[in-house]
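Notes for the one structure printed next.
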Amino acid sequence: MGGFATLLYKEVLRFWKVSFQTVAAPILTALLFLLIFSHVLERHVRVYENVSYTSFLLPGLAMMSLLQNAFANSSSSLIQSKVTGNIIFMLLPPISYAQFFAAFVLAAIARGIVVGLGVLLATLWLVDLPWQAPLWILAFALLGGAIMGAMGVVAGIWAEKFDQLAAFQNFIIMPLTFLSGVFYSIHSLPPFWQQVSHFNPIFYMIDGFRHGFFGVSDVSPWTSLGVVSGCFAALTLFTLWLLRIGYKLRA
């Protein structure tokens, strides 16, 4: 295999070899969220007409799991390689910056898709989702996984130890995902917080993804697609620049 294919294979194999930890555990966590929140709020919360709260919640949880695991895949791989010193074996071969970036992002998308799909499949017995627009679902799943995979590359490049990476995840990724409309519609918020939510790019990923199931959403799916695509383009350029200058990768 060529350098790009080898690196991609290595990154996919890295999470698949420990799938009980990297795939099964996040699926179980999402199921626990679903069972607890649906049991407590099912009879008290209605978001869309003719859509139960459990049905509303499930796509959000699936997308949240996808995003968090896409970020975890690329970020943890890079920081592990930096800490152990074996990143030199990825930097020395004649692989372009774009190929290096693409391998990490595609592997992150793969892990995110596997986890997100696993959440949906594991709940078939509990919730009957309509899947009205599968192309919207696929588009936002791929773009969301790509954005979080790229953010994982940025975090992995910036962090010099596991504590810094944990801080990035706990103080940036977790708040953005939990405050993005996973558990609620932003229309249930006061006007000020509704406006604040529109500055959270993860809100658009989850809202567009949910639109693919129910055909309704808090904002237009085209608006969400434009915002998400723009974020991915900007993040890609920024990450490629970091790789080109060798920021914190080359002594």
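Residues in the structure tokens are numbered from 1 in each chain, the chains being A, B, ... in the order shown, and ligands are numbered from 1 in the order shown.
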
Item to check | Shell of 10 Å around Leu35 (chain A), only C-alpha atoms, local chain residues under 6 positions omitted, as a PyMOL selection string | outcome: chain A and resi 54+123+126

Write out, as a JSON list (two decimals), in the first residue's frame, the residues just selected, with C-alpha atoms.
```json
[["chain", "number", "residue", "atom", "x", "y", "z"],
["A", 54, "THR", "CA", -37.83, 9.82, 22.81],
["A", 123, "THR", "CA", -32.54, 1.35, 19.64],
["A", 126, "LEU", "CA", -37.37, 1.15, 21.33]]
```

Checklist entry - DSSP on the backbone: what in region 33-180 of chain A comes out helix (DSSP H, G or I), as a PyMOL selection string? => result chain A and resi 33-41+53-84+88-91+97-122+134-158+162-178

Each region 14-88 of chain A residue no farther than 12 Å from region 146-162 of chain A, nearest pair in Å, only C-alpha atoms, as JSON lines:
```
{"residue": "A:Met63", "atom": "CA", "partner": "A:Met148", "partner_atom": "CA", "distance": 11.4}
{"residue": "A:Met64", "atom": "CA", "partner": "A:Met148", "partner_atom": "CA", "distance": 10.7}
{"residue": "A:Ser65", "atom": "CA", "partner": "A:Met148", "partner_atom": "CA", "distance": 11.2}
{"residue": "A:Leu66", "atom": "CA", "partner": "A:Met148", "partner_atom": "CA", "distance": 9.0}
{"residue": "A:Leu67", "atom": "CA", "partner": "A:Met148", "partner_atom": "CA", "distance": 5.9}
{"residue": "A:Gln68", "atom": "CA", "partner": "A:Met148", "partner_atom": "CA", "distance": 7.4}
{"residue": "A:Asn69", "atom": "CA", "partner": "A:Met148", "partner_atom": "CA", "distance": 8.4}
{"residue": "A:Ala70", "atom": "CA", "partner": "A:Gly149", "partner_atom": "CA", "distance": 5.1}
{"residue": "A:Phe71", "atom": "CA", "partner": "A:Gly152", "partner_atom": "CA", "distance": 4.6}
{"residue": "A:Ala72", "atom": "CA", "partner": "A:Gly152", "partner_atom": "CA", "distance": 6.5}
{"residue": "A:Asn73", "atom": "CA", "partner": "A:Gly149", "partner_atom": "CA", "distance": 7.3}
{"residue": "A:Ser74", "atom": "CA", "partner": "A:Gly152", "partner_atom": "CA", "distance": 5.0}
{"residue": "A:Ser75", "atom": "CA", "partner": "A:Gly152", "partner_atom": "CA", "distance": 4.1}
{"residue": "A:Ser76", "atom": "CA", "partner": "A:Gly156", "partner_atom": "CA", "distance": 6.8}
{"residue": "A:Ser77", "atom": "CA", "partner": "A:Gly156", "partner_atom": "CA", "distance": 7.7}
{"residue": "A:Leu78", "atom": "CA", "partner": "A:Gly156", "partner_atom": "CA", "distance": 5.0}
{"residue": "A:Ile79", "atom": "CA", "partner": "A:Gly156", "partner_atom": "CA", "distance": 5.1}
{"residue": "A:Gln80", "atom": "CA", "partner": "A:Phe162", "partner_atom": "CA", "distance": 8.2}
{"residue": "A:Ser81", "atom": "CA", "partner": "A:Gly156", "partner_atom": "CA", "distance": 9.4}
{"residue": "A:Lys82", "atom": "CA", "partner": "A:Glu160", "partner_atom": "CA", "distance": 7.4}
{"residue": "A:Val83", "atom": "CA", "partner": "A:Lys161", "partner_atom": "CA", "distance": 6.8}
{"residue": "A:Thr84", "atom": "CA", "partner": "A:Lys161", "partner_atom": "CA", "distance": 10.4}
{"residue": "A:Gly85", "atom": "CA", "partner": "A:Glu160", "partner_atom": "CA", "distance": 11.4}
{"residue": "A:Ile87", "atom": "CA", "partner": "A:Ile157", "partner_atom": "CA", "distance": 10.9}
```

Item to check | Selection near region 5-15 of chain A, 7 Å with only C-alpha atoms, sequence-local residues under 3 positions removed, as an NGL selection string | outcome: :A and (1-2 or 18-19 or 22 or 103-104 or 107)

Store the residues of this selection in a file with N, CA and C atoms, as an mmCIF file, in the first residue's frame.
```cif
data_model
loop_
_atom_site.group_PDB
_atom_site.id
_atom_site.type_symbol
_atom_site.label_atom_id
_atom_site.label_comp_id
_atom_site.auth_asym_id
_atom_site.auth_seq_id
_atom_site.Cartn_x
_atom_site.Cartn_y
_atom_site.Cartn_z
ATOM 1 N N MET A 1 0.834 -1.196 0.000
ATOM 2 C CA MET A 1 0.000 0.000 0.000
ATOM 3 C C MET A 1 0.866 1.243 0.000
ATOM 4 N N GLY A 2 0.322 2.341 -0.545
ATOM 5 C CA GLY A 2 1.010 3.613 -0.512
ATOM 6 C C GLY A 2 0.968 4.213 0.879
ATOM 7 N N VAL A 18 -9.640 -2.309 19.426
ATOM 8 C CA VAL A 18 -10.170 -2.175 20.797
ATOM 9 C C VAL A 18 -11.609 -1.670 20.720
ATOM 10 N N SER A 19 -12.388 -2.261 19.843
ATOM 11 C CA SER A 19 -13.750 -1.789 19.582
ATOM 12 C C SER A 19 -14.661 -1.891 20.806
ATOM 13 N N THR A 22 -13.799 1.489 22.223
ATOM 14 C CA THR A 22 -13.983 2.653 21.366
ATOM 15 C C THR A 22 -15.343 2.706 20.676
ATOM 16 N N ALA A 103 -6.029 11.170 6.023
ATOM 17 C CA ALA A 103 -6.014 9.858 6.666
ATOM 18 C C ALA A 103 -6.590 9.927 8.072
ATOM 19 N N PHE A 104 -6.191 10.940 8.835
ATOM 20 C CA PHE A 104 -6.696 11.079 10.201
ATOM 21 C C PHE A 104 -8.183 11.417 10.211
ATOM 22 N N ALA A 107 -10.370 8.353 9.074
ATOM 23 C CA ALA A 107 -10.456 7.365 10.154
ATOM 24 C C ALA A 107 -11.384 7.851 11.260
#
```

Next on the checklist: Env of Leu237 (chain A): 12 Å cut, atoms = only C-alpha atoms, seq-sep filter 2 positions within chain, self excluded. Answer as a list in words.
Outcome noted: Tyr97, Ala98, Phe101, Ile147, Ala150, Met151, Val154, Gly230, Cys231, Phe232, Ala233, Ala234, Leu235, Thr239, Leu240, Trp241, Leu242, Leu243 and Arg244 of chain A
